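Asks: input_21.cif (mmCIF, C-alpha atoms and all ligand atoms) pasted underneath:
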data_work
#
loop_
_atom_site.label_atom_id
_atom_site.label_comp_id
_atom_site.auth_asym_id
_atom_site.auth_seq_id
_atom_site.Cartn_x
_atom_site.Cartn_y
_atom_site.Cartn_z
CA MET A 1 -17.28 14.85 -26.39
CA ASP A 2 -15.24 11.95 -27.68
CA GLU A 3 -12.70 11.48 -24.92
CA ALA A 4 -12.99 8.50 -22.65
CA ILE A 5 -13.04 10.36 -19.35
CA ARG A 6 -14.18 7.67 -16.94
CA ILE A 7 -13.48 4.09 -17.94
CA CYS A 8 -15.57 1.61 -15.99
CA LEU A 9 -15.70 -2.18 -15.96
CA ASP A 10 -18.78 -4.32 -15.35
CA THR A 11 -18.80 -6.39 -12.18
CA GLY A 12 -18.56 -9.45 -14.43
CA GLU A 13 -15.18 -8.18 -15.60
CA LEU A 14 -13.65 -8.21 -12.11
CA PRO A 15 -10.41 -10.23 -12.32
CA GLU A 16 -10.75 -13.83 -11.11
CA LYS A 17 -7.14 -14.26 -10.00
CA TRP A 18 -4.40 -12.28 -8.34
CA TYR A 19 -1.02 -12.02 -10.06
CA ASN A 20 2.02 -13.34 -8.18
CA ILE A 21 5.32 -11.88 -9.38
CA LEU A 22 7.59 -14.38 -7.55
CA PRO A 23 7.89 -16.94 -10.39
CA ASP A 24 8.71 -14.15 -12.87
CA LEU A 25 11.52 -12.47 -10.91
CA ARG A 26 14.92 -12.66 -12.59
CA GLU A 27 16.73 -13.31 -9.34
CA GLU A 28 15.75 -15.75 -6.66
CA PHE A 29 13.70 -14.17 -3.89
CA PRO A 30 15.97 -13.69 -0.84
CA PRO A 31 14.38 -15.72 1.99
CA TYR A 32 13.38 -14.20 5.30
CA LEU A 33 15.99 -15.08 7.91
CA ASN A 34 15.70 -15.96 11.56
CA PRO A 35 17.88 -13.30 13.25
CA LYS A 36 19.08 -15.75 15.93
CA THR A 37 20.18 -18.60 13.66
CA GLY A 38 20.68 -16.81 10.34
CA GLU A 39 18.67 -19.65 8.74
CA PRO A 40 15.65 -19.13 6.47
CA VAL A 41 12.40 -18.85 8.42
CA LYS A 42 10.11 -21.88 8.12
CA PRO A 43 6.42 -21.52 7.22
CA GLU A 44 5.53 -23.13 10.59
CA ASP A 45 7.29 -20.27 12.38
CA LEU A 46 5.21 -17.72 10.50
CA GLU A 47 1.99 -19.63 11.17
CA ALA A 48 2.36 -18.88 14.88
CA VAL A 49 1.24 -15.34 14.14
CA PHE A 50 -0.02 -15.14 10.55
CA ILE A 51 -3.12 -16.58 8.85
CA LYS A 52 -2.17 -19.95 7.29
CA GLU A 53 -3.42 -19.18 3.80
CA CYS A 54 -1.42 -15.94 3.83
CA VAL A 55 1.73 -17.87 4.80
CA ARG A 56 1.06 -20.27 1.90
CA GLN A 57 0.61 -17.38 -0.52
CA GLU A 58 3.70 -15.64 0.82
CA ALA A 59 6.00 -18.26 -0.73
CA SER A 60 3.76 -19.54 -3.52
CA MET A 61 5.34 -20.01 -6.95
CA GLU A 62 1.97 -20.15 -8.72
CA ARG A 63 1.77 -17.24 -11.16
CA PHE A 64 -1.97 -16.72 -10.84
CA ILE A 65 -3.88 -17.42 -7.63
CA ASP A 66 -7.68 -17.78 -7.57
CA ILE A 67 -9.72 -15.14 -5.79
CA PRO A 68 -12.51 -17.07 -4.05
CA ASN A 69 -15.99 -16.17 -5.33
CA GLU A 70 -17.24 -15.03 -1.95
CA LEU A 71 -14.30 -12.66 -1.73
CA ARG A 72 -15.04 -11.34 -5.21
CA GLU A 73 -18.51 -10.50 -3.90
CA TYR A 74 -16.94 -8.48 -1.10
CA TYR A 75 -14.76 -6.69 -3.65
CA ILE A 76 -17.86 -5.79 -5.65
CA MET A 77 -19.64 -4.64 -2.50
CA MET A 78 -16.71 -2.34 -1.80
CA GLY A 79 -16.93 -0.65 -5.17
CA ARG A 80 -14.75 -2.84 -7.36
CA PRO A 81 -13.95 -2.72 -10.20
CA SER A 82 -12.90 0.88 -9.52
CA PRO A 83 -12.97 3.42 -12.36
CA LEU A 84 -9.93 4.62 -14.28
CA GLN A 85 -10.35 8.30 -14.88
CA ARG A 86 -8.75 10.76 -17.26
CA ALA A 87 -7.52 13.97 -15.62
CA ILE A 88 -8.77 16.04 -18.51
CA LYS A 89 -9.07 19.35 -16.66
CA LEU A 90 -5.59 19.00 -15.20
CA GLU A 91 -4.21 18.28 -18.70
CA ARG A 92 -5.88 21.42 -20.03
CA TYR A 93 -4.64 23.51 -17.13
CA LEU A 94 -1.07 22.30 -17.72
CA ARG A 95 -1.48 22.67 -21.53
CA THR A 96 0.24 19.35 -21.92
CA PRO A 97 -0.01 17.01 -24.92
CA ALA A 98 0.23 14.11 -22.41
CA LYS A 99 -2.84 12.14 -21.41
CA ILE A 100 -3.08 11.58 -17.67
CA TYR A 101 -5.12 8.73 -16.21
CA TYR A 102 -5.64 7.89 -12.54
CA LYS A 103 -6.95 4.74 -10.92
CA ARG A 104 -9.62 5.56 -8.32
CA GLU A 105 -8.70 3.57 -5.20
CA ASP A 106 -10.12 6.43 -3.10
CA LEU A 107 -13.71 5.31 -3.73
CA SER A 108 -13.66 2.33 -1.36
CA PRO A 109 -15.63 2.55 1.93
CA THR A 110 -12.57 3.54 3.99
CA GLY A 111 -11.08 5.67 1.24
CA SER A 112 -7.96 3.79 0.15
CA HIS A 113 -6.59 0.66 -1.53
CA LYS A 114 -5.94 -1.00 1.85
CA LEU A 115 -9.29 -2.80 1.89
CA ASN A 116 -8.15 -4.98 -1.03
CA THR A 117 -5.93 -6.98 1.31
CA ALA A 118 -7.77 -6.35 4.61
CA ILE A 119 -10.91 -8.07 3.36
CA ALA A 120 -8.91 -10.96 1.88
CA GLN A 121 -7.08 -11.55 5.16
CA ALA A 122 -10.30 -11.30 7.19
CA TYR A 123 -12.01 -13.73 4.80
CA TYR A 124 -9.26 -16.38 5.16
CA ALA A 125 -9.06 -15.85 8.93
CA VAL A 126 -12.73 -16.75 9.39
CA LYS A 127 -12.31 -19.86 7.24
CA GLU A 128 -9.46 -20.99 9.50
CA GLY A 129 -11.44 -20.54 12.71
CA VAL A 130 -9.56 -17.46 13.84
CA GLU A 131 -11.69 -15.28 16.13
CA ARG A 132 -9.76 -12.06 16.27
CA LEU A 133 -7.26 -10.13 14.16
CA THR A 134 -4.76 -7.76 15.65
CA THR A 135 -2.60 -5.11 14.04
CA GLU A 136 -0.89 -1.76 14.45
CA THR A 137 -1.84 1.48 12.78
CA GLY A 138 -0.21 4.90 12.55
CA ALA A 139 -2.54 7.53 11.16
CA GLY A 140 -5.30 4.92 10.95
CA GLN A 141 -5.76 4.07 7.25
CA TRP A 142 -4.77 0.46 7.75
CA GLY A 143 -6.61 0.16 11.05
CA SER A 144 -9.82 1.49 9.47
CA ALA A 145 -9.58 -0.98 6.59
CA LEU A 146 -9.04 -3.89 8.96
CA ALA A 147 -11.82 -2.74 11.29
CA CYS A 148 -14.25 -2.49 8.37
CA SER A 149 -13.25 -5.92 7.02
CA THR A 150 -13.44 -7.73 10.35
CA ALA A 151 -16.89 -6.20 10.94
CA LEU A 152 -18.13 -7.47 7.56
CA VAL A 153 -16.97 -11.05 8.07
CA GLY A 154 -17.88 -11.19 11.77
CA LEU A 155 -14.46 -11.18 13.45
CA LYS A 156 -13.17 -9.17 16.37
CA ALA A 157 -10.36 -6.64 15.85
CA LEU A 158 -7.72 -5.48 18.32
CA ILE A 159 -5.85 -2.44 17.06
CA PHE A 160 -2.80 -0.71 18.53
CA MET A 161 -2.71 2.89 17.38
CA VAL A 162 0.46 4.94 17.85
CA ARG A 163 -0.36 7.06 20.91
CA ILE A 164 0.53 10.42 19.37
CA SER A 165 -1.85 9.74 16.44
CA TYR A 166 -4.49 8.40 18.81
CA MET A 167 -4.46 11.77 20.55
CA GLN A 168 -3.87 14.08 17.59
CA LYS A 169 -5.79 12.36 14.79
CA PRO A 170 -9.03 11.22 16.39
CA TYR A 171 -11.20 10.75 13.30
CA ARG A 172 -9.92 7.40 12.09
CA LYS A 173 -10.00 6.19 15.68
CA HIS A 174 -13.71 7.01 15.66
CA VAL A 175 -14.07 5.18 12.34
CA MET A 176 -12.45 2.05 13.78
CA LYS A 177 -14.61 2.15 16.90
CA LEU A 178 -17.73 2.70 14.84
CA TYR A 179 -16.93 -0.58 13.06
CA GLY A 180 -16.65 -2.25 16.47
CA ALA A 181 -12.87 -2.59 16.80
CA GLU A 182 -11.11 -2.42 20.16
CA VAL A 183 -8.56 0.38 19.79
CA HIS A 184 -5.74 1.06 22.24
CA PRO A 185 -3.21 3.85 22.23
CA SER A 186 0.25 2.28 21.95
CA PRO A 187 2.19 1.80 24.19
CA SER A 188 -0.79 0.29 26.00
CA GLU A 189 -1.50 -1.27 29.38
CA ILE A 190 -2.70 -4.53 27.83
CA THR A 191 0.65 -6.03 26.76
CA SER A 192 3.71 -6.66 28.90
CA PHE A 193 5.89 -4.73 26.41
CA GLY A 194 3.52 -1.76 26.58
CA ARG A 195 3.37 -1.85 30.38
CA LYS A 196 7.15 -1.97 30.58
CA LEU A 197 7.51 1.09 28.35
CA LEU A 198 4.83 3.02 30.24
CA ALA A 199 6.48 2.20 33.57
CA GLU A 200 9.71 3.70 32.20
CA ASP A 201 7.96 6.72 30.71
CA PRO A 202 4.23 7.33 31.19
CA ASN A 203 4.39 9.98 28.45
CA ASN A 204 5.80 7.67 25.75
CA THR A 205 4.13 8.86 22.52
CA GLY A 206 4.69 5.55 20.75
CA SER A 207 5.93 4.51 17.32
CA LEU A 208 4.91 2.08 14.62
CA GLY A 209 7.65 -0.28 15.77
CA ILE A 210 6.28 -0.37 19.31
CA ALA A 211 2.73 -0.89 18.05
CA ILE A 212 3.88 -3.81 15.85
CA SER A 213 5.56 -5.41 18.86
CA GLU A 214 2.38 -5.11 20.93
CA ALA A 215 0.20 -6.58 18.17
CA LEU A 216 2.66 -9.48 17.71
CA GLU A 217 2.66 -10.11 21.44
CA ALA A 218 -1.15 -10.21 21.48
CA ALA A 219 -1.16 -12.72 18.59
CA LEU A 220 1.52 -14.93 20.17
CA HIS A 221 -0.36 -15.17 23.46
CA ASP A 222 -3.71 -16.28 22.09
CA ASP A 223 -4.34 -19.15 19.60
CA LYS A 224 -7.54 -17.56 18.35
CA THR A 225 -5.84 -14.25 17.53
CA LYS A 226 -3.75 -13.75 14.41
CA TYR A 227 -1.65 -10.81 13.31
CA SER A 228 -2.45 -8.99 10.11
CA LEU A 229 -0.05 -6.77 8.16
CA GLY A 230 -1.09 -4.07 5.68
CA SER A 231 1.97 -3.76 3.41
CA VAL A 232 5.51 -4.99 2.59
CA LEU A 233 4.95 -8.78 2.55
CA ASN A 234 4.36 -10.77 -0.66
CA HIS A 235 0.81 -11.89 0.15
CA VAL A 236 -0.28 -8.31 0.82
CA LEU A 237 1.16 -7.09 -2.49
CA LEU A 238 -0.46 -10.08 -4.20
CA HIS A 239 -3.93 -9.07 -3.01
CA GLN A 240 -3.39 -5.57 -4.36
CA THR A 241 -2.76 -6.83 -7.92
CA ILE A 242 -6.49 -6.72 -8.53
CA VAL A 243 -5.81 -3.00 -9.10
CA GLY A 244 -3.25 -3.31 -11.90
CA GLN A 245 -5.17 -6.04 -13.68
CA GLU A 246 -8.24 -3.82 -13.81
CA VAL A 247 -6.11 -0.97 -15.16
CA ASP A 248 -4.87 -3.30 -17.89
CA LEU A 249 -8.42 -4.12 -18.98
CA GLN A 250 -9.44 -0.47 -18.81
CA LEU A 251 -6.55 0.73 -20.96
CA LYS A 252 -7.32 -1.99 -23.49
CA LYS A 253 -10.92 -0.75 -23.72
CA ILE A 254 -9.73 2.65 -24.88
CA ASP A 255 -6.86 1.26 -26.91
CA GLU A 256 -4.11 2.94 -24.95
CA GLU A 257 -0.64 1.73 -23.99
CA PRO A 258 0.94 3.37 -20.94
CA ASP A 259 4.27 5.17 -21.41
CA VAL A 260 4.69 6.01 -17.73
CA LEU A 261 3.29 4.27 -14.63
CA ILE A 262 3.51 6.06 -11.28
CA GLY A 263 2.67 5.12 -7.69
CA CYS A 264 3.65 6.28 -4.21
CA VAL A 265 5.52 3.95 -1.86
CA GLY A 266 5.31 3.50 1.90
CA GLY A 267 5.78 -0.24 2.24
CA GLY A 268 5.05 -0.71 -1.47
CA SER A 269 1.63 -2.36 -1.59
CA ASN A 270 -0.39 0.07 -3.71
CA PHE A 271 2.54 0.62 -6.06
CA ALA A 272 3.06 -3.12 -6.51
CA GLY A 273 -0.62 -3.86 -6.94
CA PHE A 274 -0.85 -1.22 -9.61
CA SER A 275 2.35 -1.97 -11.53
CA TYR A 276 3.26 -5.66 -11.06
CA PRO A 277 0.85 -7.03 -13.67
CA THR A 278 2.60 -4.84 -16.28
CA ILE A 279 6.07 -5.57 -14.90
CA GLY A 280 5.23 -9.28 -15.05
CA LYS A 281 4.38 -9.03 -18.73
CA TYR A 282 7.67 -7.28 -19.33
CA LEU A 283 9.62 -9.93 -17.39
CA ARG A 284 7.91 -12.68 -19.44
CA GLY A 285 8.88 -10.92 -22.67
CA LYS A 286 5.31 -10.02 -23.55
CA LEU A 287 5.76 -6.28 -23.90
CA GLU A 288 7.39 -4.69 -26.91
CA GLU A 289 8.44 -1.71 -24.89
CA LYS A 290 8.69 -1.35 -21.16
CA PRO A 291 6.92 1.74 -19.86
CA GLU A 292 8.84 3.91 -17.48
CA ILE A 293 7.78 2.74 -14.00
CA ILE A 294 8.29 5.27 -11.22
CA ALA A 295 8.03 4.59 -7.48
CA VAL A 296 7.70 7.82 -5.50
CA GLU A 297 8.74 8.24 -1.89
CA PRO A 298 9.01 11.29 0.36
CA LYS A 299 12.38 13.07 0.53
CA ALA A 300 12.04 12.88 4.32
CA CYS A 301 12.01 9.06 4.33
CA PRO A 302 14.07 8.08 1.28
CA SER A 303 14.56 4.32 1.65
CA MET A 304 14.76 3.50 -2.08
CA THR A 305 16.77 6.55 -3.20
CA GLU A 306 19.16 6.81 -0.27
CA GLY A 307 18.86 3.55 1.68
CA GLU A 308 21.03 0.46 1.45
CA TYR A 309 19.97 -2.87 -0.04
CA ARG A 310 20.59 -5.36 2.77
CA TYR A 311 18.98 -7.56 5.42
CA ASP A 312 17.19 -5.61 8.16
CA PHE A 313 14.40 -5.95 10.69
CA GLY A 314 10.89 -5.01 9.63
CA ASP A 315 10.18 -3.23 12.91
CA ALA A 316 11.95 -1.01 15.38
CA ALA A 317 11.68 -3.52 18.24
CA GLN A 318 13.58 -6.18 16.22
CA THR A 319 10.83 -8.79 16.57
CA THR A 320 10.34 -9.66 12.88
CA PRO A 321 12.50 -11.95 10.74
CA LEU A 322 15.25 -10.26 8.74
CA ILE A 323 14.06 -9.05 5.34
CA LYS A 324 16.32 -8.14 2.42
CA MET A 325 15.23 -4.71 1.26
CA TYR A 326 16.20 -1.08 0.71
CA THR A 327 16.33 0.30 4.22
CA LEU A 328 17.32 3.35 6.19
CA GLY A 329 17.88 1.08 9.20
CA TYR A 330 15.25 -0.19 11.61
CA GLY A 331 16.20 2.55 14.08
CA PHE A 332 15.53 5.34 11.57
CA ILE A 333 12.96 7.80 12.90
CA PRO A 334 11.50 9.79 10.03
CA PRO A 335 10.69 13.45 10.63
CA PRO A 336 6.98 14.08 11.25
CA ILE A 337 5.82 14.51 7.65
CA HIS A 338 2.09 14.48 7.06
CA ALA A 339 2.07 11.46 4.78
CA GLY A 340 1.99 9.06 7.73
CA GLY A 341 1.58 6.05 5.43
CA LEU A 342 4.95 6.74 3.80
CA ARG A 343 6.98 6.86 7.01
CA TYR A 344 8.42 3.36 6.81
CA HIS A 345 12.17 2.74 7.13
CA GLY A 346 12.23 -0.07 4.54
CA CYS A 347 10.24 -1.22 1.52
CA ALA A 348 8.79 -4.43 0.13
CA PRO A 349 11.46 -7.04 -0.69
CA THR A 350 10.13 -7.75 -4.22
CA LEU A 351 10.00 -4.04 -5.00
CA SER A 352 13.53 -3.67 -3.62
CA LEU A 353 14.74 -6.33 -6.06
CA LEU A 354 13.06 -4.58 -8.99
CA VAL A 355 14.62 -1.26 -7.98
CA LYS A 356 18.04 -2.87 -7.66
CA GLU A 357 17.69 -4.35 -11.15
CA GLY A 358 16.73 -0.98 -12.59
CA ILE A 359 13.26 -2.13 -13.68
CA VAL A 360 11.55 0.31 -11.32
CA LYS A 361 12.90 3.83 -11.05
CA PRO A 362 12.71 5.36 -7.55
CA MET A 363 12.15 9.08 -7.12
CA ALA A 364 11.84 11.30 -4.04
CA VAL A 365 9.52 14.29 -3.72
CA ASP A 366 9.42 16.81 -0.90
CA GLN A 367 6.31 17.54 1.11
CA GLU A 368 5.82 21.03 -0.28
CA GLU A 369 5.80 19.83 -3.92
CA ALA A 370 3.46 16.97 -3.01
CA PHE A 371 0.90 19.21 -1.30
CA ARG A 372 1.09 21.86 -4.06
CA GLY A 373 0.43 19.14 -6.62
CA ALA A 374 -2.48 17.87 -4.56
CA GLN A 375 -3.93 21.37 -4.31
CA LEU A 376 -3.77 21.79 -8.08
CA PHE A 377 -5.36 18.38 -8.51
CA ALA A 378 -8.21 19.29 -6.16
CA ARG A 379 -8.81 22.57 -7.98
CA THR A 380 -8.78 21.01 -11.45
CA GLU A 381 -10.19 17.50 -10.91
CA GLY A 382 -12.32 18.16 -7.82
CA VAL A 383 -10.93 15.38 -5.66
CA ILE A 384 -8.64 15.83 -2.63
CA PRO A 385 -5.80 13.28 -2.57
CA ALA A 386 -4.41 11.63 0.56
CA PRO A 387 -1.03 13.14 1.51
CA GLU A 388 0.56 9.81 0.48
CA THR A 389 -1.17 9.88 -2.91
CA SER A 390 -0.04 13.48 -3.42
CA HIS A 391 3.47 12.20 -4.02
CA ALA A 392 2.26 10.28 -7.09
CA VAL A 393 0.19 13.28 -8.20
CA ALA A 394 3.26 15.54 -8.04
CA VAL A 395 5.30 13.21 -10.26
CA ALA A 396 2.42 12.81 -12.74
CA ILE A 397 2.44 16.62 -13.03
CA ARG A 398 6.23 16.61 -13.50
CA GLU A 399 5.90 14.02 -16.28
CA ALA A 400 3.10 15.97 -17.99
CA LEU A 401 5.23 19.12 -17.97
CA LYS A 402 8.20 17.21 -19.32
CA ALA A 403 6.02 15.88 -22.15
CA LYS A 404 4.96 19.45 -22.92
CA GLU A 405 8.57 20.60 -23.13
CA MET A 406 9.44 17.74 -25.46
CA GLY A 407 6.17 17.98 -27.40
CA GLU A 408 5.39 14.30 -26.71
CA GLU A 409 1.89 12.77 -26.54
CA LYS A 410 2.71 10.49 -23.64
CA VAL A 411 0.21 8.36 -21.75
CA VAL A 412 0.83 8.83 -18.02
CA VAL A 413 -1.08 6.55 -15.62
CA PHE A 414 -0.90 6.79 -11.84
CA ASN A 415 -2.47 5.07 -8.88
CA TYR A 416 -4.73 7.34 -6.90
CA SER A 417 -4.30 5.36 -3.67
CA GLY A 418 -6.69 7.27 -1.41
CA HIS A 419 -8.55 10.45 -0.54
CA GLY A 420 -7.41 13.09 1.94
CA LEU A 421 -10.68 14.09 3.56
CA LEU A 422 -9.50 12.99 6.99
CA ASP A 423 -6.07 14.58 6.54
CA LEU A 424 -7.02 18.22 6.22
CA GLU A 425 -4.94 19.35 9.20
CA GLY A 426 -1.81 18.47 7.20
CA TYR A 427 -3.04 20.52 4.26
CA LYS A 428 -3.74 23.42 6.56
CA GLN A 429 -0.26 23.32 8.07
CA VAL A 430 1.69 22.96 4.83
CA LEU A 431 -0.37 25.20 2.58
CA GLY A 432 -1.39 27.66 5.28
CA LEU A 433 -5.11 27.40 4.59
C1 LIG B 1 -1.04 3.33 3.54
C2 LIG B 1 -1.15 4.18 2.35
C3 LIG B 1 -0.09 4.29 1.41
C4 LIG B 1 1.25 3.65 1.62
O1 LIG B 1 1.25 2.26 1.74
P1 LIG B 1 1.73 1.29 0.59
O2 LIG B 1 1.74 -0.05 1.21
O3 LIG B 1 3.08 1.74 0.14
O4 LIG B 1 0.73 1.39 -0.50
C5 LIG B 1 -0.30 5.04 0.29
N1 LIG B 1 -1.46 5.70 0.07
C6 LIG B 1 -2.49 5.64 0.94
C7 LIG B 1 -3.74 6.38 0.65
C8 LIG B 1 -2.37 4.87 2.11
O5 LIG B 1 -3.38 4.81 2.98
#
Translate this file's structure into structure tokens.
Ligand SMILES: *Cc1c(COP(=O)(O)O)cnc(C)c1O

Replies:
Amino acid sequence: MDEAIRICLDTGELPEKWYNILPDLREEFPPYLNPKTGEPVKPEDLEAVFIKECVRQEASMERFIDIPNELREYYIMMGRPSPLQRAIKLERYLRTPAKIYYKREDLSPTGSHKLNTAIAQAYYAVKEGVERLTTETGAGQWGSALACSTALVGLKALIFMVRISYMQKPYRKHVMKLYGAEVHPSPSEITSFGRKLLAEDPNNTGSLGIAISEALEAALHDDKTKYSLGSVLNHVLLHQTIVGQEVDLQLKKIDEEPDVLIGCVGGGSNFAGFSYPTIGKYLRGKLEEKPEIIAVEPKACPSMTEGEYRYDFGDAAQTTPLIKMYTLGYGFIPPPIHAGGLRYHGCAPTLSLLVKEGIVKPMAVDQEEAFRGAQLFARTEGVIPAPETSHAVAVAIREALKAKEMGEEKVVVFNYSGHGLLDLEGYKQVLGL
């Protein structure tokens, strides 16, 4: 057995800094705009709701930003550095000459990459004297990560969960409550916006946009409460770059160069965290050849492949600043696909720039192909991907089959953003289990 099947790093090899792509972008980052004045938003405006250190990082032009030691300890506690694994049985099943590697972000306590930023935000919040963090969650991946992180650092959490998910997907709600978070179905009775909507329609099933508005309202009305976001913004993507830097070290250990990098995209945080360290090297002229870098979205919510690149609101209730990004329009209501984490109308502004410049190639996959790919992955590799992750799995399989057709020994690496053990109902419905 000479293949490197599971490439691990020692805890001492955990990266000491995050990588910030802003100073390496070819075009200037389009500022967030105040929708009323059309002027760029000032940091002070953002500090009304966001953690101060996150606001500072949001616009930082420092290329590498220190990860505080205490936070590195939390990362280690949560299973970092995570393994890079070779999908050797899948390769054999496909009879492909390609090598397929996947980065195991599913092994964290809540089962996805989202803890990488949740714990960072919770850590800074405590330092700044914040007492409570509030946020929205759809299917509950983000809410679980924030609930876990706030519990570990000793903060309170107030979470607005889209009402339909609250009723239909109870397990992550239980997870959040187990960690001690206060969880409300959104629209809720505890904000004026929620009460107004419920007065109009007591059966309102909610949306992510409504839940964001309620969380923002809660943060605006209490100095000790700050709002925490799980994707899209620069500081969130920054925290995720721990992932790609580990992958870099792991590939070096086995003397491999990636030919293709693949990640799924909802708001863009796991994709960015995984790929930006490599993209940064390319932008700084430090790579001889740029790997193909593929961002995968669902066909049912195709912001990068069919959206427009323009300023738009980040939420349906039009409360956020305007963000320049690929968008389907803030009013877009995606059909109820099972990859809840990929049902966002826009995508991260830095990722949007990289797509526009042709550095990142967007691709859309339908739900059926994603779940079939996930099923094959489970049967060959033994792990059950999150429905979101399945989109990256499906494209990794496509690439491996393409390599077989061309007789190429490509190195395909993808981000395995999370496990699907709490999403089995979706599998049942699509695959007819
Ligand atoms: C939330 C989530 C995503 C999508 O969010 P990004 O910010 O685009 O990464 C992808 N995979 C999993 C497992 C998730 O929980």

Asks: Find, counting only C-alpha atoms and all ligand atoms, the residue in A:Ser82, A:Ser275, A:Thr319, A:Thr380 that gets nearest to ligand LIG 1 (chain B).

Replies: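 Result for the nearest residue to ligand LIG 1 (chain B): A:Ser275.
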
Asks: Could the residues that lie within 9 Å of ligand LIG 1 (chain B), counting only C-alpha atoms and all ligand atoms, be listed as a ChimeraX atom specification?

Replies: /A:105-106,111-114,139-142,230-232,236-237,240,263-273,297,339-344,347-348,385-390,416-420

Asks: For those residues, write C-alpha atoms to a file as a compact mmCIF listing (two decimals), in the frame of the given file.

Replies:
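File selection20.txt, as written:
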# COMPACT_ATOMS: atom_id res chain seq x y z
CA GLU A 105 -8.70 3.57 -5.20
CA ASP A 106 -10.12 6.43 -3.10
CA GLY A 111 -11.08 5.67 1.24
CA SER A 112 -7.96 3.79 0.15
CA HIS A 113 -6.59 0.66 -1.53
CA LYS A 114 -5.94 -1.00 1.85
CA ALA A 139 -2.54 7.53 11.16
CA GLY A 140 -5.30 4.92 10.95
CA GLN A 141 -5.76 4.07 7.25
CA TRP A 142 -4.77 0.46 7.75
CA GLY A 230 -1.09 -4.07 5.68
CA SER A 231 1.97 -3.76 3.41
CA VAL A 232 5.51 -4.99 2.59
CA VAL A 236 -0.28 -8.31 0.82
CA LEU A 237 1.16 -7.09 -2.49
CA GLN A 240 -3.39 -5.57 -4.36
CA GLY A 263 2.67 5.12 -7.69
CA CYS A 264 3.65 6.28 -4.21
CA VAL A 265 5.52 3.95 -1.86
CA GLY A 266 5.31 3.50 1.90
CA GLY A 267 5.78 -0.24 2.24
CA GLY A 268 5.05 -0.71 -1.47
CA SER A 269 1.63 -2.36 -1.59
CA ASN A 270 -0.39 0.07 -3.71
CA PHE A 271 2.54 0.62 -6.06
CA ALA A 272 3.06 -3.12 -6.51
CA GLY A 273 -0.62 -3.86 -6.94
CA GLU A 297 8.74 8.24 -1.89
CA ALA A 339 2.07 11.46 4.78
CA GLY A 340 1.99 9.06 7.73
CA GLY A 341 1.58 6.05 5.43
CA LEU A 342 4.95 6.74 3.80
CA ARG A 343 6.98 6.86 7.01
CA TYR A 344 8.42 3.36 6.81
CA CYS A 347 10.24 -1.22 1.52
CA ALA A 348 8.79 -4.43 0.13
CA PRO A 385 -5.80 13.28 -2.57
CA ALA A 386 -4.41 11.63 0.56
CA PRO A 387 -1.03 13.14 1.51
CA GLU A 388 0.56 9.81 0.48
CA THR A 389 -1.17 9.88 -2.91
CA SER A 390 -0.04 13.48 -3.42
CA TYR A 416 -4.73 7.34 -6.90
CA SER A 417 -4.30 5.36 -3.67
CA GLY A 418 -6.69 7.27 -1.41
CA HIS A 419 -8.55 10.45 -0.54
CA GLY A 420 -7.41 13.09 1.94

Asks: Of the candidates A:Lys169, A:Arg132, A:Lys281, A:Arg372, which shows the shortest atom-to-atom distance to Ala219 in chain A, using all atoms listed in the file?

Replies: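 Using all atoms listed in the file, Ala219 in chain A sits closest to A:Arg132.
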
Asks: So what do you get for CA of Asp366 in chain A versus CA of Gly432 in chain A, distance-wise?

Replies: 16.5 Å

Asks: Could you work out how far CA of Pro349 in chain A lies from CA of Pro334 in chain A, giving the answer in Å with one decimal?

Replies: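 That distance, rounded to one decimal, is 20.0 Å.
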
Asks: Show me as a CSV table (one decimal) with C-alpha atoms, keeping the file's coordinate frame the residues that reach within 12 Å of (-6.1, -0.5, -19.6), counting only C-alpha atoms and using the file's own coordinates.

Replies:
chain,number,residue,atom,x,y,z
A,4,ALA,CA,-13.0,8.5,-22.6
A,6,ARG,CA,-14.2,7.7,-16.9
A,7,ILE,CA,-13.5,4.1,-17.9
A,8,CYS,CA,-15.6,1.6,-16.0
A,9,LEU,CA,-15.7,-2.2,-16.0
A,83,PRO,CA,-13.0,3.4,-12.4
A,84,LEU,CA,-9.9,4.6,-14.3
A,85,GLN,CA,-10.4,8.3,-14.9
A,86,ARG,CA,-8.8,10.8,-17.3
A,101,TYR,CA,-5.1,8.7,-16.2
A,102,TYR,CA,-5.6,7.9,-12.5
A,103,LYS,CA,-7.0,4.7,-10.9
A,243,VAL,CA,-5.8,-3.0,-9.1
A,244,GLY,CA,-3.2,-3.3,-11.9
A,245,GLN,CA,-5.2,-6.0,-13.7
A,246,GLU,CA,-8.2,-3.8,-13.8
A,247,VAL,CA,-6.1,-1.0,-15.2
A,248,ASP,CA,-4.9,-3.3,-17.9
A,249,LEU,CA,-8.4,-4.1,-19.0
A,250,GLN,CA,-9.4,-0.5,-18.8
A,251,LEU,CA,-6.6,0.7,-21.0
A,252,LYS,CA,-7.3,-2.0,-23.5
A,253,LYS,CA,-10.9,-0.8,-23.7
A,254,ILE,CA,-9.7,2.6,-24.9
A,255,ASP,CA,-6.9,1.3,-26.9
A,256,GLU,CA,-4.1,2.9,-25.0
A,257,GLU,CA,-0.6,1.7,-24.0
A,258,PRO,CA,0.9,3.4,-20.9
A,259,ASP,CA,4.3,5.2,-21.4
A,261,LEU,CA,3.3,4.3,-14.6
A,274,PHE,CA,-0.8,-1.2,-9.6
A,275,SER,CA,2.4,-2.0,-11.5
A,277,PRO,CA,0.8,-7.0,-13.7
A,278,THR,CA,2.6,-4.8,-16.3
A,411,VAL,CA,0.2,8.4,-21.8
A,412,VAL,CA,0.8,8.8,-18.0
A,413,VAL,CA,-1.1,6.6,-15.6
A,414,PHE,CA,-0.9,6.8,-11.8
